[in-house]
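As stored in structure24.cif (mmCIF, C-alpha atoms):
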```cif
data_input
#
loop_
_atom_site.label_atom_id
_atom_site.label_comp_id
_atom_site.auth_asym_id
_atom_site.auth_seq_id
_atom_site.Cartn_x
_atom_site.Cartn_y
_atom_site.Cartn_z
CA MET A 1 110.68 -100.48 233.35
CA LYS A 2 107.52 -98.64 232.31
CA LEU A 3 107.78 -96.90 228.96
CA PRO A 4 106.18 -93.46 228.49
CA ILE A 5 102.96 -93.37 226.48
CA PRO A 6 103.44 -91.25 223.33
CA THR A 7 101.19 -88.25 222.89
CA ALA A 8 98.71 -88.00 220.04
CA ALA A 9 100.89 -85.33 218.40
CA THR A 10 103.92 -87.61 218.55
CA LEU A 11 101.96 -90.46 217.01
CA LEU A 12 100.77 -88.13 214.26
CA ALA A 13 104.31 -87.05 213.45
CA LEU A 14 105.56 -90.65 213.42
CA THR A 15 102.73 -91.63 211.09
CA LEU A 16 103.58 -88.81 208.70
CA LEU A 17 107.25 -89.71 208.77
CA ALA A 18 106.42 -93.33 208.00
CA ALA A 19 104.23 -92.24 205.10
CA THR A 20 106.96 -90.07 203.58
CA PRO A 21 108.44 -91.73 200.48
CA ALA A 22 111.98 -92.86 201.24
CA ALA A 23 114.47 -90.95 199.11
CA ARG A 24 116.94 -93.80 199.13
CA ALA A 25 120.02 -93.23 197.03
CA VAL A 26 120.73 -95.74 194.27
CA VAL A 27 124.44 -96.07 193.59
CA LEU A 28 125.21 -95.71 189.90
CA TYR A 29 128.96 -96.09 190.29
CA ASP A 30 131.22 -96.56 193.29
CA ALA A 31 134.99 -96.52 192.88
CA ALA A 32 135.32 -97.99 196.38
CA ALA A 33 134.28 -101.33 194.84
CA GLY A 34 137.63 -101.34 193.06
CA THR A 35 136.18 -101.94 189.58
CA LEU A 36 135.81 -99.89 186.43
CA PRO A 37 132.41 -98.49 185.36
CA SER A 38 132.09 -101.28 182.76
CA ALA A 39 131.86 -103.78 185.64
CA GLN A 40 129.07 -101.77 187.27
CA GLY A 41 126.57 -101.46 184.44
CA TRP A 42 128.16 -98.68 182.38
CA PHE A 43 129.04 -98.62 178.70
CA THR A 44 132.49 -97.14 178.10
CA SER A 45 132.61 -95.18 174.86
CA SER A 46 135.33 -93.64 172.72
CA THR A 47 135.30 -92.03 169.28
CA ALA A 48 135.65 -94.43 166.37
CA GLY A 49 139.02 -94.06 164.66
CA ALA A 50 140.47 -91.98 167.49
CA VAL A 51 142.75 -92.88 170.36
CA ALA A 52 140.80 -94.03 173.42
CA GLY A 53 141.25 -92.29 176.75
CA SER A 54 142.26 -94.24 179.83
CA GLN A 55 140.77 -94.97 183.23
CA SER A 56 141.93 -96.86 186.27
CA VAL A 57 140.84 -97.48 189.86
CA ALA A 58 143.06 -97.23 192.92
CA GLY A 59 142.45 -96.33 196.54
CA GLY A 60 138.70 -95.97 196.04
CA VAL A 61 139.11 -93.39 193.25
CA LEU A 62 138.45 -93.71 189.53
CA THR A 63 140.86 -91.68 187.38
CA ILE A 64 139.63 -90.79 183.90
CA ASP A 65 142.14 -89.26 181.47
CA SER A 66 141.35 -87.88 178.03
CA THR A 67 144.43 -85.65 177.79
CA GLY A 68 146.49 -88.00 175.62
CA ALA A 69 147.43 -87.17 172.05
CA GLY A 70 144.74 -88.14 169.58
CA VAL A 71 141.97 -88.61 172.18
CA VAL A 72 138.79 -86.97 170.87
CA ALA A 73 136.17 -87.95 173.44
CA PHE A 74 135.99 -90.63 176.09
CA GLY A 75 133.52 -91.48 178.85
CA ASN A 76 130.90 -93.74 180.39
CA ALA A 77 127.14 -93.89 179.88
CA ARG A 78 124.19 -95.88 181.21
CA PHE A 79 120.44 -95.70 181.74
CA SER A 80 119.44 -94.56 185.22
CA PRO A 81 117.51 -97.13 187.30
CA VAL A 82 115.71 -94.17 188.90
CA ALA A 83 113.57 -92.18 186.49
CA LEU A 84 115.08 -88.74 185.90
CA ASP A 85 111.65 -87.16 186.20
CA ALA A 86 111.83 -83.41 186.64
CA THR A 87 108.18 -83.24 187.72
CA SER A 88 108.52 -85.54 190.73
CA GLY A 89 112.15 -84.52 191.22
CA TYR A 90 115.47 -86.27 191.68
CA ALA A 91 118.92 -85.59 193.10
CA VAL A 92 122.34 -86.72 191.95
CA ASP A 93 125.30 -86.82 194.35
CA PHE A 94 128.87 -87.28 193.17
CA LEU A 95 132.41 -86.94 194.51
CA LEU A 96 134.79 -85.28 192.07
CA LYS A 97 138.13 -83.50 191.69
CA LEU A 98 139.61 -82.15 188.47
CA LEU A 99 143.30 -82.97 188.14
CA SER A 100 143.70 -80.96 184.94
CA GLU A 101 141.46 -79.50 182.24
CA SER A 102 141.85 -77.59 178.98
CA HIS A 103 139.48 -76.35 176.30
CA ALA A 104 139.86 -74.64 172.93
CA SER A 105 136.44 -72.99 173.05
CA ALA A 106 134.45 -71.04 175.62
CA ASN A 107 131.59 -73.40 174.78
CA ARG A 108 133.41 -76.63 175.57
CA ALA A 109 134.84 -78.40 178.63
CA GLY A 110 137.09 -81.38 179.22
CA PHE A 111 134.73 -83.08 181.66
CA SER A 112 130.94 -83.18 181.81
CA LEU A 113 128.14 -84.90 183.67
CA LEU A 114 125.03 -85.26 181.50
CA LEU A 115 121.56 -86.16 182.77
CA VAL A 116 118.92 -86.63 180.08
CA GLY A 117 115.50 -86.48 181.69
CA SER A 118 112.60 -88.91 181.37
CA ASN A 119 111.37 -86.14 179.11
CA PRO A 120 114.52 -85.31 177.10
CA ALA A 121 113.28 -81.72 176.82
CA GLN A 122 114.08 -81.42 180.56
CA SER A 123 117.77 -82.22 180.80
CA VAL A 124 120.91 -80.71 182.29
CA GLU A 125 124.62 -81.07 181.57
CA LEU A 126 127.26 -79.87 184.02
CA SER A 127 130.52 -78.74 182.39
CA PHE A 128 133.69 -78.46 184.50
CA TRP A 129 136.69 -76.19 184.06
CA ASP A 130 139.52 -75.72 186.55
CA ASP A 131 137.86 -72.58 187.89
CA ARG A 132 134.23 -72.76 186.85
CA VAL A 133 131.18 -75.04 186.63
CA TRP A 134 128.54 -74.20 184.05
CA VAL A 135 125.56 -75.55 182.12
CA PRO A 136 125.40 -75.36 178.32
CA SER A 137 122.24 -74.24 176.59
CA PHE A 138 121.24 -75.26 173.06
CA ASP A 139 121.19 -72.64 170.31
CA ALA A 140 120.48 -74.06 166.85
CA ALA A 141 121.52 -70.76 165.27
CA ASP A 142 125.00 -70.84 166.81
CA PRO A 143 127.73 -72.81 164.96
CA ASP A 144 128.61 -74.53 168.25
CA ARG A 145 124.93 -75.30 169.03
CA PHE A 146 125.89 -76.09 172.64
CA VAL A 147 126.86 -72.73 174.13
CA GLN A 148 127.92 -71.70 177.62
CA GLY A 149 125.02 -70.76 179.87
CA ALA A 150 124.48 -70.34 183.59
CA GLY A 151 127.39 -71.11 185.89
CA ALA A 152 129.57 -70.03 188.79
CA ALA A 153 133.23 -69.58 189.56
CA PHE A 154 134.58 -72.47 191.65
CA ASP A 155 137.97 -74.12 192.18
CA THR A 156 137.28 -77.66 191.01
CA THR A 157 140.91 -78.71 191.55
CA ALA A 158 141.33 -77.93 195.25
CA ALA A 159 139.97 -81.16 196.73
CA MET A 160 137.66 -84.10 196.28
CA THR A 161 134.31 -82.31 196.54
CA ASP A 162 130.82 -83.60 197.25
CA TYR A 163 128.54 -82.13 194.60
CA ARG A 164 124.76 -82.34 194.77
CA LEU A 165 122.48 -81.57 191.85
CA VAL A 166 118.77 -81.28 192.61
CA VAL A 167 116.28 -81.25 189.72
CA GLN A 168 112.63 -80.44 190.29
CA GLY A 169 109.80 -78.49 188.69
CA GLY A 170 111.62 -77.45 185.53
CA GLY A 171 114.71 -76.18 187.31
CA TYR A 172 117.98 -77.35 188.85
CA SER A 173 120.31 -76.25 191.62
CA LEU A 174 123.91 -77.27 192.20
CA SER A 175 125.82 -77.22 195.48
CA ALA A 176 129.43 -78.09 196.28
CA GLY A 177 130.54 -79.11 199.74
CA GLY A 178 127.13 -78.10 201.07
CA GLN A 179 127.37 -74.56 199.65
CA ALA A 180 125.03 -73.39 196.88
CA LEU A 181 126.80 -72.66 193.59
CA PHE A 182 124.09 -71.72 191.09
CA SER A 183 120.68 -72.67 189.74
CA GLY A 184 118.79 -72.38 186.47
CA THR A 185 116.19 -73.85 184.16
CA LEU A 186 116.38 -77.29 182.56
CA GLN A 187 117.48 -77.48 178.94
CA ASN A 188 116.23 -79.15 175.78
CA TYR A 189 119.23 -80.75 174.06
CA ALA A 190 117.19 -83.27 172.03
CA ALA A 191 118.03 -81.61 168.70
CA GLY A 192 121.64 -82.56 169.39
CA GLY A 193 120.79 -86.18 168.57
CA SER A 194 121.93 -89.28 170.46
CA PRO A 195 122.25 -89.50 173.45
CA TYR A 196 120.48 -86.18 174.07
CA ASN A 197 117.18 -87.55 172.75
CA MET A 198 117.31 -90.79 174.78
CA ALA A 199 115.38 -90.73 178.06
CA ASN A 200 117.05 -91.37 181.43
CA VAL A 201 120.64 -91.42 180.19
CA VAL A 202 123.55 -90.57 182.49
CA PHE A 203 127.01 -89.82 181.08
CA PHE A 204 130.25 -88.71 182.66
CA GLY A 205 133.52 -88.03 180.90
CA ASP A 206 134.86 -86.01 177.98
CA ASN A 207 132.29 -85.53 175.21
CA SER A 208 134.13 -82.89 173.18
CA SER A 209 136.76 -82.76 170.46
CA ARG A 210 137.87 -79.35 171.80
CA GLY A 211 138.40 -80.19 175.44
CA SER A 212 140.28 -82.69 177.58
CA ALA A 213 140.69 -83.47 181.24
CA ALA A 214 142.01 -85.80 183.89
CA VAL A 215 139.64 -86.24 186.81
CA ALA A 216 139.30 -88.24 190.02
CA LEU A 217 135.83 -89.60 190.72
CA GLY A 218 134.56 -91.32 193.84
CA ALA A 219 130.90 -92.33 193.73
CA VAL A 220 127.80 -91.30 191.79
CA SER A 221 124.29 -91.90 193.14
CA VAL A 222 120.75 -90.83 192.30
CA SER A 223 117.67 -90.56 194.50
CA ALA A 224 114.07 -89.46 194.16
CA VAL A 225 113.08 -86.18 195.81
CA PRO A 226 109.89 -86.24 197.97
CA GLU A 227 107.12 -84.03 196.61
CA PRO A 228 106.78 -80.60 198.29
CA GLY A 229 103.28 -81.49 199.53
CA THR A 230 104.67 -84.49 201.40
CA TRP A 231 107.29 -82.35 203.11
CA ALA A 232 104.58 -79.87 204.11
CA LEU A 233 102.55 -82.61 205.78
CA MET A 234 105.59 -83.92 207.60
CA LEU A 235 106.59 -80.47 208.83
CA ALA A 236 103.03 -79.84 209.99
CA GLY A 237 103.22 -83.02 212.06
CA LEU A 238 106.52 -81.99 213.57
CA GLY A 239 105.05 -78.57 214.31
CA ALA A 240 102.25 -80.28 216.20
CA VAL A 241 104.84 -82.10 218.32
CA ALA A 242 106.64 -78.83 219.09
CA GLY A 243 103.34 -77.17 219.98
CA ALA A 244 102.41 -80.02 222.30
CA GLY A 245 105.79 -79.72 224.00
CA ARG A 246 105.31 -76.01 224.61
CA PHE A 247 101.81 -76.64 226.02
CA ARG A 248 103.13 -79.18 228.51
CA ARG A 249 105.88 -76.83 229.69
CA ARG A 250 103.35 -74.04 230.31
CA ALA A 251 100.92 -76.28 232.23
#
```
What does the file become when written as structure tokens?
Amino acid sequence: MKLPIPTAATLLALTLLAATPAARAVVLYDAAAGTLPSAQGWFTSSTAGAVAGSQSVAGGVLTIDSTGAGVVAFGNARFSPVALDATSGYAVDFLLKLLSESHASANRAGFSLLLVGSNPAQSVELSFWDDRVWVPSFDAADPDRFVQGAGAAFDTTAAMTDYRLVVQGGGYSLSAGGQALFSGTLQNYAAGGSPYNMANVVFFGDNSSRGSAAVALGAVSVSAVPEPGTWALMLAGLGAVAGAGRFRRRA
């Protein structure tokens, strides 16, 4: 069988696609492996002198519970193998459902996902309530220091939801189930001390003495985001292919 000879435009597009940096996702944690975060490169932390929270894995889901009496804070932290560089950009995907959540302050939540950037002055923390997702900002003049900032109403308890956080160029955007929730500017939490001043740290769990939650977590992954200029080149190549196709149809 004789194969068709590709057009110059097609070859150009294929070359551009091949040159595009692969945004391959690196799995940070996967409950489907049937093991706790500590077996997958995470450090599990609890507050000294306080009761530790609990976590277990079953059916491809990690359950984290900090609702017990005497639990102050409980979660998992690690350094990201992919640089959390806001300039070049990165994306974090995670599967999550809140089973329950309570908080004693409008500036606290029972479950959070923290991403400290390669430059800690460019970080973001997602805080989850039953009916809202929001990002704290840092205000040294406020007694709470971490205060509620940008966010959006969302039922976090309805189902296991695929969340995607994209960070690039000093800003972030969060989507849930493929639908945009909200966006904002990156935050500087470094004055809050460790781990907020440690580059490339990822944390998920309860990091507050005034909040608690039980959550179901599937997988967490991180990937680099191709630079806008690279996408422009690729789209230009694809446009050339489309143009060539229209030319052939008219001939």
For this session: Run the PyMOL selection byres ((chain A and resi 91-94) around 10) against the file shown and list the residues it catches, as a VMD selection string.
Result: chain A and resid 23 25 to 30 84 86 89 to 90 95 to 96 113 115 160 to 168 172 to 176 217 to 225
Segment 146-157 of chain A, all listed atoms, 4 Å padding on each side: what axis-aligned box centre and edge lengths in Å to one decimal come out, as lines of an AutoDock Vina configuration file?
```
center_x = 132.7
center_y = -74.1
center_z = 182.4
size_x = 24.4
size_y = 17.1
size_z = 27.5
```
For this session: Please write as number ranges by chain the full residue list that the PyMOL selection byres ((chain A and resi 102-107) around 7) yields on this file.
Result: A: 101, 108-110, 146-148, 210-213
Writer output for current selection, C-alpha atoms, as an mmCIF file, in the frame of the given file:
```
data_model
loop_
_atom_site.group_PDB
_atom_site.id
_atom_site.type_symbol
_atom_site.label_atom_id
_atom_site.label_comp_id
_atom_site.auth_asym_id
_atom_site.auth_seq_id
_atom_site.Cartn_x
_atom_site.Cartn_y
_atom_site.Cartn_z
ATOM 1 C CA GLU A 101 141.460 -79.500 182.240
ATOM 2 C CA ARG A 108 133.410 -76.630 175.570
ATOM 3 C CA ALA A 109 134.840 -78.400 178.630
ATOM 4 C CA GLY A 110 137.090 -81.380 179.220
ATOM 5 C CA PHE A 146 125.890 -76.090 172.640
ATOM 6 C CA VAL A 147 126.860 -72.730 174.130
ATOM 7 C CA GLN A 148 127.920 -71.700 177.620
ATOM 8 C CA ARG A 210 137.870 -79.350 171.800
ATOM 9 C CA GLY A 211 138.400 -80.190 175.440
ATOM 10 C CA SER A 212 140.280 -82.690 177.580
ATOM 11 C CA ALA A 213 140.690 -83.470 181.240
#
```
For this session: Tell me which protein, DNA and RNA residues are within 8 Å of Val215 of chain A, counting only C-alpha atoms, leaving out same-chain ones fewer than 5 positions away, and put them as a PyMOL selection string.
Result: chain A and resi 63-65+96-100+111
Let's have the selection written as a PDB file, keeping the file's coordinate frame, with C-alpha atoms.
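The resulting file, selection34.pdb, is reproduced below:
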```pdb
ATOM      1  CA  THR A  63     140.860 -91.680 187.380  1.00  0.00           C
ATOM      2  CA  ILE A  64     139.630 -90.790 183.900  1.00  0.00           C
ATOM      3  CA  ASP A  65     142.140 -89.260 181.470  1.00  0.00           C
ATOM      4  CA  LEU A  96     134.790 -85.280 192.070  1.00  0.00           C
ATOM      5  CA  LYS A  97     138.130 -83.500 191.690  1.00  0.00           C
ATOM      6  CA  LEU A  98     139.610 -82.150 188.470  1.00  0.00           C
ATOM      7  CA  LEU A  99     143.300 -82.970 188.140  1.00  0.00           C
ATOM      8  CA  SER A 100     143.700 -80.960 184.940  1.00  0.00           C
ATOM      9  CA  PHE A 111     134.730 -83.080 181.660  1.00  0.00           C
TER      10      PHE A 111
END
```
Problem set entry | Selection result for the PyMOL selection byres ((chain A and resi 187-190) around 9) on this file, as an NGL selection string | :A and (116 or 120-125 or 135-138 or 146 or 170-171 or 185-186 or 191-198)
Exercise. How far is it from atom CA of Gly169 of chain A to atom CA of Phe128 of chain A, in Å with one decimal?
Worked result: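 Answer for the atom CA of Gly169 of chain A to atom CA of Phe128 of chain A separation: 24.3 Å.
The protein and nucleic acid residues lying at most 8 Å from Arg132 of chain A are Gly151, Ala152, Ala153, Phe154, Asp155 and Thr156 of chain A, with all atoms listed in the file considered and sequence neighbours fewer than 5 positions away removed.
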Seminar exercise, completed: Using all atoms listed in the file, the best pick from A:Leu114, A:Ala73, A:Leu36, A:Ala83 as closest to Val61 of chain A would be A:Leu36
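Straight-line separation from atom CA of Ser183 of chain A to atom CA of Ala159 of chain A: 22.2 Å.
Closest approach to Ala33 of chain A from the set A:Ala58, A:Asp206, A:Ala50, A:Phe182 is made by A:Ala58, with distances taken over only C-alpha atoms.
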Exercise. So how many Å separate atom CA of Phe203 of chain A and atom CA of Gly75 of chain A, to one decimal?
Worked result: 7.1 Å
Starting from the incomplete input, reconstruct N, CA, C and O atoms of segment 30-55 of chain A and write that as a PDB file, keeping the file's coordinate frame.
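The result, stored in rebuild03.pdb:
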```pdb
ATOM      1  N   ASP A  30     130.483 -96.734 192.043  1.00  0.00           N
ATOM      2  CA  ASP A  30     131.220 -96.560 193.290  1.00  0.00           C
ATOM      3  C   ASP A  30     132.645 -97.061 193.100  1.00  0.00           C
ATOM      4  O   ASP A  30     132.876 -98.267 192.965  1.00  0.00           O
ATOM      5  N   ALA A  31     133.596 -96.138 193.068  1.00  0.00           N
ATOM      6  CA  ALA A  31     134.990 -96.520 192.880  1.00  0.00           C
ATOM      7  C   ALA A  31     135.526 -97.341 194.040  1.00  0.00           C
ATOM      8  O   ALA A  31     136.507 -98.067 193.892  1.00  0.00           O
ATOM      9  N   ALA A  32     134.874 -97.225 195.212  1.00  0.00           N
ATOM     10  CA  ALA A  32     135.320 -97.990 196.380  1.00  0.00           C
ATOM     11  C   ALA A  32     135.208 -99.491 196.144  1.00  0.00           C
ATOM     12  O   ALA A  32     135.864-100.285 196.840  1.00  0.00           O
ATOM     13  N   ALA A  33     134.403 -99.904 195.164  1.00  0.00           N
ATOM     14  CA  ALA A  33     134.280-101.330 194.840  1.00  0.00           C
ATOM     15  C   ALA A  33     135.529-101.844 194.135  1.00  0.00           C
ATOM     16  O   ALA A  33     135.718-103.060 193.997  1.00  0.00           O
ATOM     17  N   GLY A  34     136.377-100.937 193.671  1.00  0.00           N
ATOM     18  CA  GLY A  34     137.630-101.340 193.060  1.00  0.00           C
ATOM     19  C   GLY A  34     137.526-101.798 191.617  1.00  0.00           C
ATOM     20  O   GLY A  34     138.463-102.413 191.091  1.00  0.00           O
ATOM     21  N   THR A  35     136.385-101.512 190.968  1.00  0.00           N
ATOM     22  CA  THR A  35     136.180-101.940 189.580  1.00  0.00           C
ATOM     23  C   THR A  35     135.864-100.751 188.686  1.00  0.00           C
ATOM     24  O   THR A  35     135.399 -99.705 189.152  1.00  0.00           O
ATOM     25  N   LEU A  36     136.088-100.928 187.409  1.00  0.00           N
ATOM     26  CA  LEU A  36     135.810 -99.890 186.430  1.00  0.00           C
ATOM     27  C   LEU A  36     134.299 -99.765 186.199  1.00  0.00           C
ATOM     28  O   LEU A  36     133.535-100.685 186.532  1.00  0.00           O
ATOM     29  N   PRO A  37     133.850 -98.654 185.635  1.00  0.00           N
ATOM     30  CA  PRO A  37     132.410 -98.490 185.360  1.00  0.00           C
ATOM     31  C   PRO A  37     131.820 -99.635 184.534  1.00  0.00           C
ATOM     32  O   PRO A  37     130.664-100.019 184.745  1.00  0.00           O
ATOM     33  N   SER A  38     132.605-100.193 183.605  1.00  0.00           N
ATOM     34  CA  SER A  38     132.090-101.280 182.760  1.00  0.00           C
ATOM     35  C   SER A  38     131.682-102.501 183.566  1.00  0.00           C
ATOM     36  O   SER A  38     130.867-103.310 183.105  1.00  0.00           O
ATOM     37  N   ALA A  39     132.223-102.653 184.766  1.00  0.00           N
ATOM     38  CA  ALA A  39     131.860-103.780 185.640  1.00  0.00           C
ATOM     39  C   ALA A  39     130.674-103.440 186.519  1.00  0.00           C
ATOM     40  O   ALA A  39     130.203-104.294 187.278  1.00  0.00           O
ATOM     41  N   GLN A  40     130.194-102.201 186.434  1.00  0.00           N
ATOM     42  CA  GLN A  40     129.070-101.770 187.270  1.00  0.00           C
ATOM     43  C   GLN A  40     127.896-101.241 186.443  1.00  0.00           C
ATOM     44  O   GLN A  40     127.146-100.377 186.880  1.00  0.00           O
ATOM     45  N   GLY A  41     127.750-101.775 185.247  1.00  0.00           N
ATOM     46  CA  GLY A  41     126.570-101.460 184.440  1.00  0.00           C
ATOM     47  C   GLY A  41     126.707-100.301 183.486  1.00  0.00           C
ATOM     48  O   GLY A  41     125.713 -99.862 182.903  1.00  0.00           O
ATOM     49  N   TRP A  42     127.930 -99.814 183.278  1.00  0.00           N
ATOM     50  CA  TRP A  42     128.160 -98.680 182.380  1.00  0.00           C
ATOM     51  C   TRP A  42     128.729 -99.155 181.053  1.00  0.00           C
ATOM     52  O   TRP A  42     129.426-100.169 180.982  1.00  0.00           O
ATOM     53  N   PHE A  43     128.446 -98.391 180.015  1.00  0.00           N
ATOM     54  CA  PHE A  43     129.040 -98.620 178.700  1.00  0.00           C
ATOM     55  C   PHE A  43     130.140 -97.589 178.511  1.00  0.00           C
ATOM     56  O   PHE A  43     129.890 -96.387 178.581  1.00  0.00           O
ATOM     57  N   THR A  44     131.370 -98.048 178.311  1.00  0.00           N
ATOM     58  CA  THR A  44     132.490 -97.140 178.100  1.00  0.00           C
ATOM     59  C   THR A  44     132.618 -96.851 176.611  1.00  0.00           C
ATOM     60  O   THR A  44     132.686 -97.775 175.793  1.00  0.00           O
ATOM     61  N   SER A  45     132.622 -95.565 176.269  1.00  0.00           N
ATOM     62  CA  SER A  45     132.610 -95.180 174.860  1.00  0.00           C
ATOM     63  C   SER A  45     133.829 -94.325 174.501  1.00  0.00           C
ATOM     64  O   SER A  45     134.332 -93.560 175.322  1.00  0.00           O
ATOM     65  N   SER A  46     134.275 -94.482 173.277  1.00  0.00           N
ATOM     66  CA  SER A  46     135.330 -93.640 172.720  1.00  0.00           C
ATOM     67  C   SER A  46     134.999 -93.394 171.254  1.00  0.00           C
ATOM     68  O   SER A  46     134.174 -94.099 170.669  1.00  0.00           O
ATOM     69  N   THR A  47     135.603 -92.401 170.664  1.00  0.00           N
ATOM     70  CA  THR A  47     135.300 -92.030 169.280  1.00  0.00           C
ATOM     71  C   THR A  47     135.950 -92.998 168.304  1.00  0.00           C
ATOM     72  O   THR A  47     137.154 -93.301 168.410  1.00  0.00           O
ATOM     73  N   ALA A  48     135.151 -93.491 167.362  1.00  0.00           N
ATOM     74  CA  ALA A  48     135.650 -94.430 166.370  1.00  0.00           C
ATOM     75  C   ALA A  48     136.797 -93.804 165.571  1.00  0.00           C
ATOM     76  O   ALA A  48     136.708 -92.659 165.121  1.00  0.00           O
ATOM     77  N   GLY A  49     137.874 -94.537 165.434  1.00  0.00           N
ATOM     78  CA  GLY A  49     139.020 -94.060 164.660  1.00  0.00           C
ATOM     79  C   GLY A  49     139.971 -93.181 165.435  1.00  0.00           C
ATOM     80  O   GLY A  49     141.025 -92.797 164.911  1.00  0.00           O
ATOM     81  N   ALA A  50     139.608 -92.835 166.662  1.00  0.00           N
ATOM     82  CA  ALA A  50     140.470 -91.980 167.490  1.00  0.00           C
ATOM     83  C   ALA A  50     141.113 -92.812 168.598  1.00  0.00           C
ATOM     84  O   ALA A  50     140.709 -93.941 168.871  1.00  0.00           O
ATOM     85  N   VAL A  51     142.096 -92.228 169.234  1.00  0.00           N
ATOM     86  CA  VAL A  51     142.750 -92.880 170.360  1.00  0.00           C
ATOM     87  C   VAL A  51     141.800 -92.856 171.559  1.00  0.00           C
ATOM     88  O   VAL A  51     141.163 -91.830 171.828  1.00  0.00           O
ATOM     89  N   ALA A  52     141.675 -93.973 172.252  1.00  0.00           N
ATOM     90  CA  ALA A  52     140.800 -94.030 173.420  1.00  0.00           C
ATOM     91  C   ALA A  52     141.496 -93.418 174.624  1.00  0.00           C
ATOM     92  O   ALA A  52     142.725 -93.498 174.763  1.00  0.00           O
ATOM     93  N   GLY A  53     140.724 -92.786 175.486  1.00  0.00           N
ATOM     94  CA  GLY A  53     141.250 -92.290 176.750  1.00  0.00           C
ATOM     95  C   GLY A  53     141.538 -93.463 177.665  1.00  0.00           C
ATOM     96  O   GLY A  53     141.371 -94.634 177.293  1.00  0.00           O
ATOM     97  N   SER A  54     141.951 -93.170 178.882  1.00  0.00           N
ATOM     98  CA  SER A  54     142.260 -94.240 179.830  1.00  0.00           C
ATOM     99  C   SER A  54     141.539 -94.001 181.144  1.00  0.00           C
ATOM    100  O   SER A  54     141.182 -92.868 181.485  1.00  0.00           O
ATOM    101  N   GLN A  55     141.323 -95.082 181.884  1.00  0.00           N
ATOM    102  CA  GLN A  55     140.770 -94.970 183.230  1.00  0.00           C
ATOM    103  C   GLN A  55     141.247 -96.137 184.066  1.00  0.00           C
ATOM    104  O   GLN A  55     141.458 -97.248 183.569  1.00  0.00           O
TER     105      GLN A  55
END
```
